[in-house]
>>> print(open('query_9.txt').read())   # compact mmCIF, C-alpha atoms
# COMPACT_ATOMS: atom_id res chain seq x y z
CA MET A 18 35.18 4.75 -24.88
CA ASP A 19 38.51 2.91 -24.83
CA VAL A 20 38.30 0.92 -28.07
CA ARG A 21 40.97 -0.88 -30.03
CA ILE A 22 40.31 -1.40 -33.78
CA ILE A 23 41.47 -4.77 -35.08
CA SER A 24 41.41 -5.83 -38.72
CA MET A 25 40.32 -9.46 -39.05
CA CYS A 26 41.51 -10.94 -42.37
CA VAL A 27 40.06 -14.21 -43.62
CA LEU A 28 43.19 -15.80 -45.12
CA VAL A 29 43.12 -18.59 -47.65
CA SER A 30 46.78 -19.33 -46.86
CA LEU A 31 49.63 -17.71 -44.97
CA GLN A 32 50.70 -16.04 -48.20
CA ALA A 33 47.28 -14.56 -48.96
CA GLY A 34 46.69 -10.86 -48.39
CA CYS A 35 43.73 -8.99 -46.97
CA ARG A 36 40.83 -8.31 -49.33
CA ALA A 37 38.85 -5.13 -49.68
CA ASP A 38 35.94 -6.59 -47.75
CA ASP A 39 37.98 -7.43 -44.65
CA GLU A 40 35.88 -7.47 -41.51
CA ILE A 41 36.65 -4.66 -39.06
CA VAL A 42 35.92 -5.58 -35.46
CA GLU A 43 35.85 -3.15 -32.55
CA VAL A 44 37.23 -4.71 -29.39
CA SER A 45 37.35 -3.03 -26.01
CA ALA A 46 40.83 -2.95 -24.52
CA ARG A 47 39.18 -3.03 -21.11
CA GLY A 48 37.57 -6.31 -22.11
CA PHE A 49 40.96 -7.88 -22.69
CA GLN A 50 42.22 -6.70 -19.31
CA SER A 51 39.18 -7.82 -17.36
CA SER A 52 39.47 -11.41 -18.62
CA ALA A 53 43.15 -11.76 -17.70
CA GLY A 54 44.36 -13.32 -14.48
CA SER A 55 47.37 -15.03 -12.93
CA VAL A 56 47.77 -18.15 -10.81
CA TYR A 57 50.26 -18.62 -7.97
CA THR A 58 50.83 -21.03 -5.08
CA ARG A 59 50.45 -19.90 -1.50
CA TRP A 60 52.90 -22.19 0.28
CA GLY A 61 52.14 -22.90 3.94
CA ARG A 62 48.42 -22.07 3.82
CA GLY A 63 45.38 -23.97 2.61
CA ASP A 64 43.41 -20.84 1.75
CA CYS A 65 43.90 -17.72 -0.37
CA PRO A 66 44.15 -14.08 0.70
CA ASN A 67 41.16 -11.82 0.09
CA THR A 68 42.91 -10.51 -3.05
CA ALA A 69 42.47 -13.85 -4.84
CA THR A 70 40.11 -16.79 -5.45
CA LEU A 71 40.85 -20.36 -4.34
CA VAL A 72 41.44 -22.78 -7.24
CA TYR A 73 42.19 -25.74 -4.95
CA SER A 74 43.83 -26.48 -1.61
CA GLY A 75 46.35 -29.20 -1.01
CA ILE A 76 49.49 -30.60 0.59
CA ILE A 77 53.06 -29.63 -0.22
CA GLY A 78 54.70 -32.66 -1.81
CA GLY A 79 58.35 -33.33 -2.61
CA SER A 80 61.10 -35.91 -2.81
CA HIS A 81 62.46 -37.61 0.29
CA TRP A 82 65.00 -35.44 2.11
CA ASN A 83 67.59 -38.24 2.20
CA GLN A 84 67.21 -39.76 -1.27
CA ARG A 85 69.34 -38.39 -4.11
CA GLY A 86 66.98 -39.33 -6.95
CA GLY A 87 63.57 -38.08 -8.02
CA ALA A 88 62.56 -34.48 -8.58
CA SER A 89 64.00 -31.36 -6.96
CA ASN A 90 60.90 -29.15 -6.96
CA TYR A 91 57.93 -28.93 -4.60
CA LEU A 92 54.35 -29.45 -5.78
CA CYS A 93 50.99 -28.44 -4.38
CA LEU A 94 49.22 -31.82 -4.39
CA HIS A 95 45.40 -31.79 -4.44
CA ASN A 96 43.68 -32.79 -1.21
CA THR A 97 41.45 -35.26 -3.07
CA PRO A 98 43.57 -37.08 -5.68
CA VAL A 99 42.11 -39.15 -8.51
CA TYR A 100 43.92 -42.35 -9.57
CA GLU A 101 43.53 -44.31 -12.78
CA ILE A 102 45.71 -47.35 -13.58
CA THR A 103 47.82 -48.34 -10.55
CA THR A 104 49.87 -51.23 -9.20
CA SER A 105 49.43 -52.54 -5.66
CA LYS A 106 53.11 -52.86 -4.74
CA ASN A 107 56.09 -50.56 -4.28
CA ASN A 108 58.22 -50.40 -7.41
CA GLU A 109 61.85 -49.27 -7.34
CA LYS A 110 61.56 -48.06 -10.93
CA ARG A 111 59.37 -45.12 -9.98
CA GLY A 112 59.71 -41.61 -8.67
CA LYS A 113 58.40 -41.10 -5.13
CA ILE A 114 56.56 -38.13 -3.66
CA PHE A 115 56.03 -37.48 0.06
CA SER A 116 54.33 -34.94 2.27
CA THR A 117 56.55 -32.03 3.31
CA GLU A 118 57.33 -31.08 6.92
CA TYR A 119 58.32 -27.75 8.39
CA GLU A 120 61.79 -27.92 9.92
CA GLY A 121 64.21 -25.49 11.52
CA ASP A 122 62.31 -24.34 14.65
CA PHE A 123 62.32 -20.69 13.60
CA GLY A 124 60.21 -17.73 14.75
CA PRO A 125 56.69 -17.81 13.28
CA PHE A 126 57.13 -21.49 12.33
CA SER A 127 58.35 -22.76 15.72
CA SER A 128 55.01 -24.27 16.68
CA LEU A 129 54.81 -26.00 13.29
CA ASN A 130 58.11 -27.88 13.51
CA ASP A 131 57.75 -31.47 12.17
CA HIS A 132 54.15 -30.81 11.05
CA ASP A 133 53.04 -31.28 7.44
CA ALA A 134 52.70 -28.08 5.43
CA PRO A 135 49.57 -27.24 3.39
CA CYS A 136 49.31 -25.14 0.24
CA ALA A 137 46.73 -23.42 -1.93
CA VAL A 138 46.61 -22.55 -5.61
CA CYS A 139 45.09 -19.10 -6.01
CA GLU A 140 43.86 -17.03 -8.95
CA ALA A 141 44.33 -13.26 -8.96
CA LYS A 142 41.70 -12.06 -11.42
CA GLN A 143 42.36 -9.00 -13.60
CA ARG A 144 46.09 -9.22 -12.77
CA ALA A 145 47.89 -11.13 -15.49
CA THR A 146 51.38 -11.44 -13.97
CA SER A 147 52.65 -12.92 -10.72
CA LEU A 148 56.11 -12.45 -9.23
CA MET A 149 58.00 -13.74 -6.19
CA VAL A 150 60.55 -11.25 -4.85
CA PRO A 151 63.16 -12.82 -2.54
CA GLY A 152 64.66 -10.54 0.10
CA ARG A 153 61.68 -8.19 0.33
CA ASN A 154 58.36 -8.12 2.23
CA SER A 155 56.70 -5.43 0.11
CA CYS A 156 55.94 -5.22 -3.61
CA PRO A 157 57.27 -2.80 -6.23
CA ASN A 158 55.13 0.25 -6.97
CA GLY A 159 51.99 -0.64 -8.90
CA TRP A 160 51.93 -4.27 -7.76
CA THR A 161 49.47 -5.95 -5.37
CA ARG A 162 50.87 -7.90 -2.42
CA GLU A 163 49.26 -11.35 -2.21
CA PHE A 164 51.25 -12.58 0.78
CA ASP A 165 54.69 -12.28 2.34
CA GLY A 166 56.79 -14.65 4.36
CA TYR A 167 60.17 -16.34 4.49
CA LEU A 168 62.20 -18.11 1.85
CA HIS A 169 62.42 -21.87 2.35
CA SER A 170 64.30 -24.76 0.73
CA GLY A 171 65.84 -28.08 1.60
CA GLU A 172 68.63 -28.10 4.23
CA TYR A 173 72.00 -27.26 2.67
CA ARG A 174 73.70 -30.52 3.69
CA GLN A 175 70.90 -32.62 2.20
CA TYR A 176 69.89 -33.07 -1.44
CA ARG A 177 68.99 -29.97 -3.43
CA THR A 178 65.43 -28.78 -3.87
CA GLU A 179 64.20 -25.30 -4.82
CA TYR A 180 63.43 -21.99 -3.11
CA ILE A 181 59.79 -21.27 -2.29
CA CYS A 182 58.13 -18.38 -0.45
CA VAL A 183 56.26 -19.73 2.60
CA ASP A 184 53.57 -17.53 4.15
CA LYS A 185 54.68 -16.07 7.51
CA HIS A 186 51.20 -16.91 8.86
CA GLY A 187 51.74 -20.57 8.06
CA SER A 188 49.50 -23.36 9.28
CA ASP A 189 49.77 -27.13 9.39
CA ARG A 190 47.81 -30.04 8.04
CA SER A 191 45.44 -31.15 10.77
CA GLY A 192 46.50 -34.23 12.72
CA THR A 193 50.17 -34.23 11.66
CA ALA A 194 53.07 -34.03 14.08
CA GLY A 195 56.21 -35.92 14.92
CA ASP A 196 59.52 -36.26 13.09
CA ILE A 197 58.40 -38.68 10.38
CA PHE A 198 61.43 -40.15 8.57
CA ALA A 199 59.67 -40.73 5.25
CA ALA A 200 59.05 -37.11 4.31
CA SER A 201 60.16 -34.13 2.31
CA ARG A 202 61.30 -31.11 4.32
CA ILE A 203 61.45 -27.32 4.09
CA TYR A 204 63.81 -25.12 6.12
CA PRO A 205 64.11 -21.34 6.41
CA VAL A 206 66.89 -19.92 4.24
CA GLU A 207 69.72 -17.79 5.64
CA SER A 208 71.74 -15.29 3.65
CA LYS A 209 75.54 -15.70 3.69
CA CYS A 210 77.57 -12.55 3.16
CA ALA A 211 81.33 -12.42 2.69
CA GLN A 212 83.95 -10.25 1.00
CA LYS A 213 84.75 -13.11 -1.35
CA GLY A 214 82.36 -15.80 -2.52
CA GLY A 215 79.28 -14.53 -0.71
CA LEU A 216 76.51 -11.98 -0.97
CA PRO A 217 77.56 -8.34 -0.45
CA CYS A 218 77.70 -7.54 3.26
CA GLY A 219 75.85 -4.37 4.17
CA PRO A 220 72.63 -4.84 2.29
CA TYR A 221 72.77 -8.55 3.21
CA ARG A 222 73.32 -9.79 6.75
CA ASP A 223 75.18 -12.96 7.58
CA ALA A 224 73.08 -15.82 9.02
CA ALA A 225 69.80 -13.88 8.76
CA GLU A 226 66.56 -15.49 7.58
CA VAL A 227 65.53 -14.16 4.15
CA THR A 228 62.10 -12.60 3.64
CA CYS A 229 60.01 -12.91 0.47
CA VAL A 230 56.80 -11.59 -1.05
CA VAL A 231 54.44 -12.72 -3.82
CA CYS A 232 53.04 -9.89 -5.95
CA THR A 233 50.59 -9.61 -8.85
CA LYS A 234 49.90 -6.99 -11.47
>>> encode(input="query_9.txt", output="C-alpha cells")
Amino acid sequence: MDVRIISMCVLVSLQAGCRADDEIVEVSARGFQSSAGSVYTRWGRGDCPNTATLVYSGIIGGSHWNQRGGASNYLCLHNTPVYEITTSKNNEKRGKIFSTEYEGDFGPFSSLNDHDAPCAVCEAKQRATSLMVPGRNSCPNGWTREFDGYLHSGEYRQYRTEYICVDKHGSDRSGTAGDIFAASRIYPVESKCAQKGGLPCGPYRDAAEVTCVVCTK
C-alpha cells in the first residue's frame, strides 16, 4: 500500500516542540492525488471536452475595442448573472464590460465572424496543473490534451488585450450576428519573423496564424 507517514504535532506556540505522545497519522498518497484538480477556461465553446467536468458556461467579456481605459484581460462571464446593489443610469466613473465578437474571417472561424463568442470553465479532476502552450497543437509527454485551437487577441492597431487560446471547433452565442460597434473583439494572432526585431525565421513563419493547446497533468 502506498502510504505516507506524517507526524502531527499539537503545538502550543510556533516555538513549541513535538512531545513524546505526538499523534502519528497514516495518509495515503493516492488520496492526496485523487482529490486534486485544475480549472481552465475553454474559450470559444460553451461546453467542456470529455476529459473534464463543466463548472459553468458563459460569454466572453472584455473592454470595448476602441476605448483606451478599463481592463485588458478577457473574462468568462456567467450566463445567469446575479446583481446586488445597482444604479439605473450609465456612469462615466465605472469600468465597462461588453460581449466579445469573433473577428478576422479566418479558416475555422470564418462562419463565426461578427458573432459573440461563448466560453466554459472546466475542471480536470485528478490533474492538478493546467498549461496553455502557444505555438503547438499537442501536449508535452505525460500531459493530457484538453483542447487545441488558435491564439487570439485584440487587433494590433487597437488597444491592447491579452492572448487566449480559442478552441478550433469554436461556436457562437445563439442569436448573435452583425458587426455591433459596442463590443470587445478577438482576432487570430499571426507570428512575425525577421532577422532583427522579430521571431526567428525557420521555426516561425511570417504572417502565419499561431496554434495553441491547453494541457493538464
>>> axis_aligned_box(input="query_9.txt", around="range 146-156 of chain A", padding_each_side="5 Å", output="AutoDock Vina command-line options")
--center_x 58.0 --center_y -9.5 --center_z -5.9 --size_x 23.3 --size_y 18.5 --size_z 26.2
>>> atom_distance(input="query_9.txt", atom1="CA of Gly192 in chain A", atom2="CA of Thr228 in chain A")
28.2 Å
>>> atom_distance(input="query_9.txt", atom1="CA of Gly112 in chain A", atom2="CA of Thr58 in chain A")
22.7 Å
>>> residues_near_point(input="query_9.txt", point="(60.8, -35.2, 4.8)", cutoff="12 Å", atoms="all atoms listed in the file", output="mmCIF file with C-alpha atoms, in the coordinates of the input")
data_model
loop_
_atom_site.group_PDB
_atom_site.id
_atom_site.type_symbol
_atom_site.label_atom_id
_atom_site.label_comp_id
_atom_site.auth_asym_id
_atom_site.auth_seq_id
_atom_site.Cartn_x
_atom_site.Cartn_y
_atom_site.Cartn_z
ATOM 1 C CA ILE A 77 53.060 -29.630 -0.220
ATOM 2 C CA GLY A 78 54.700 -32.660 -1.810
ATOM 3 C CA GLY A 79 58.350 -33.330 -2.610
ATOM 4 C CA SER A 80 61.100 -35.910 -2.810
ATOM 5 C CA HIS A 81 62.460 -37.610 0.290
ATOM 6 C CA TRP A 82 65.000 -35.440 2.110
ATOM 7 C CA ASN A 83 67.590 -38.240 2.200
ATOM 8 C CA GLN A 84 67.210 -39.760 -1.270
ATOM 9 C CA TYR A 91 57.930 -28.930 -4.600
ATOM 10 C CA LYS A 113 58.400 -41.100 -5.130
ATOM 11 C CA ILE A 114 56.560 -38.130 -3.660
ATOM 12 C CA PHE A 115 56.030 -37.480 0.060
ATOM 13 C CA SER A 116 54.330 -34.940 2.270
ATOM 14 C CA THR A 117 56.550 -32.030 3.310
ATOM 15 C CA GLU A 118 57.330 -31.080 6.920
ATOM 16 C CA TYR A 119 58.320 -27.750 8.390
ATOM 17 C CA GLU A 120 61.790 -27.920 9.920
ATOM 18 C CA ASN A 130 58.110 -27.880 13.510
ATOM 19 C CA ASP A 131 57.750 -31.470 12.170
ATOM 20 C CA HIS A 132 54.150 -30.810 11.050
ATOM 21 C CA ASP A 133 53.040 -31.280 7.440
ATOM 22 C CA ALA A 134 52.700 -28.080 5.430
ATOM 23 C CA SER A 170 64.300 -24.760 0.730
ATOM 24 C CA GLY A 171 65.840 -28.080 1.600
ATOM 25 C CA GLU A 172 68.630 -28.100 4.230
ATOM 26 C CA GLN A 175 70.900 -32.620 2.200
ATOM 27 C CA TYR A 176 69.890 -33.070 -1.440
ATOM 28 C CA THR A 178 65.430 -28.780 -3.870
ATOM 29 C CA GLY A 195 56.210 -35.920 14.920
ATOM 30 C CA ASP A 196 59.520 -36.260 13.090
ATOM 31 C CA ILE A 197 58.400 -38.680 10.380
ATOM 32 C CA PHE A 198 61.430 -40.150 8.570
ATOM 33 C CA ALA A 199 59.670 -40.730 5.250
ATOM 34 C CA ALA A 200 59.050 -37.110 4.310
ATOM 35 C CA SER A 201 60.160 -34.130 2.310
ATOM 36 C CA ARG A 202 61.300 -31.110 4.320
ATOM 37 C CA ILE A 203 61.450 -27.320 4.090
ATOM 38 C CA TYR A 204 63.810 -25.120 6.120
#
>>> closest_residue(input="query_9.txt", among="A:Arg111, A:Arg162, A:Arg190, A:Arg85", to="Ser147 in chain A", atoms="all atoms listed in the file")
A:Arg162
>>> atom_distance(input="query_9.txt", atom1="CA of Ala69 in chain A", atom2="CA of Leu168 in chain A")
21.3 Å
>>> closest_residue(input="query_9.txt", among="A:Glu163, A:Glu207, A:Glu109, A:Asp184", to="Lys142 in chain A", atoms="only C-alpha atoms")
A:Glu163
>>> closest_residue(input="query_9.txt", among="A:Arg59, A:Val72, A:Thr146, A:Lys106", to="Gly187 in chain A", atoms="all atoms listed in the file")
A:Arg59
>>> closest_residue(input="query_9.txt", among="A:Ile102, A:Pro217, A:Glu179, A:Tyr57", to="Ser89 in chain A", atoms="only C-alpha atoms")
A:Glu179
>>> closest_residue(input="query_9.txt", among="A:Cys136, A:Leu129, A:Cys65, A:Leu216", to="Leu94 in chain A", atoms="only C-alpha atoms")
A:Cys136
>>> closest_residue(input="query_9.txt", among="A:Cys218, A:Thr233, A:Val56, A:Phe126", to="Pro157 in chain A", atoms="all atoms listed in the file")
A:Thr233
>>> build_atoms(input="query_9.txt", residues="range 209-221 of chain A", atoms="N, CA and C atoms", output="mmCIF file, keeping the file's coordinate frame")
data_model
loop_
_atom_site.group_PDB
_atom_site.id
_atom_site.type_symbol
_atom_site.label_atom_id
_atom_site.label_comp_id
_atom_site.auth_asym_id
_atom_site.auth_seq_id
_atom_site.Cartn_x
_atom_site.Cartn_y
_atom_site.Cartn_z
ATOM 1 N N LYS A 209 74.129 -15.590 3.317
ATOM 2 C CA LYS A 209 75.540 -15.700 3.690
ATOM 3 C C LYS A 209 76.296 -14.585 2.983
ATOM 4 N N CYS A 210 76.805 -13.641 3.752
ATOM 5 C CA CYS A 210 77.570 -12.550 3.160
ATOM 6 C C CYS A 210 79.057 -12.732 3.470
ATOM 7 N N ALA A 211 79.887 -12.322 2.532
ATOM 8 C CA ALA A 211 81.330 -12.420 2.690
ATOM 9 C C ALA A 211 81.994 -11.509 1.669
ATOM 10 N N GLN A 212 83.225 -11.098 1.946
ATOM 11 C CA GLN A 212 83.950 -10.250 1.000
ATOM 12 C C GLN A 212 84.257 -10.990 -0.285
ATOM 13 N N LYS A 213 84.491 -12.297 -0.174
ATOM 14 C CA LYS A 213 84.750 -13.110 -1.350
ATOM 15 C C LYS A 213 83.851 -14.337 -1.317
ATOM 16 N N GLY A 214 83.161 -14.582 -2.393
ATOM 17 C CA GLY A 214 82.360 -15.800 -2.520
ATOM 18 C C GLY A 214 81.021 -15.772 -1.818
ATOM 19 N N GLY A 215 80.571 -14.610 -1.378
ATOM 20 C CA GLY A 215 79.280 -14.530 -0.710
ATOM 21 C C GLY A 215 78.467 -13.360 -1.233
ATOM 22 N N LEU A 216 77.310 -13.149 -0.653
ATOM 23 C CA LEU A 216 76.510 -11.980 -0.970
ATOM 24 C C LEU A 216 77.177 -10.733 -0.395
ATOM 25 N N PRO A 217 76.912 -9.556 -0.961
ATOM 26 C CA PRO A 217 77.560 -8.340 -0.450
ATOM 27 C C PRO A 217 77.090 -8.007 0.967
ATOM 28 N N CYS A 218 78.031 -7.904 1.883
ATOM 29 C CA CYS A 218 77.700 -7.540 3.260
ATOM 30 C C CYS A 218 77.333 -6.057 3.306
ATOM 31 N N GLY A 219 76.409 -5.728 4.137
ATOM 32 C CA GLY A 219 75.850 -4.370 4.170
ATOM 33 C C GLY A 219 74.390 -4.464 3.856
ATOM 34 N N PRO A 220 74.052 -4.603 2.561
ATOM 35 C CA PRO A 220 72.630 -4.840 2.290
ATOM 36 C C PRO A 220 72.185 -6.220 2.786
ATOM 37 N N TYR A 221 73.095 -7.206 2.717
ATOM 38 C CA TYR A 221 72.770 -8.550 3.210
ATOM 39 C C TYR A 221 73.484 -8.799 4.537
#
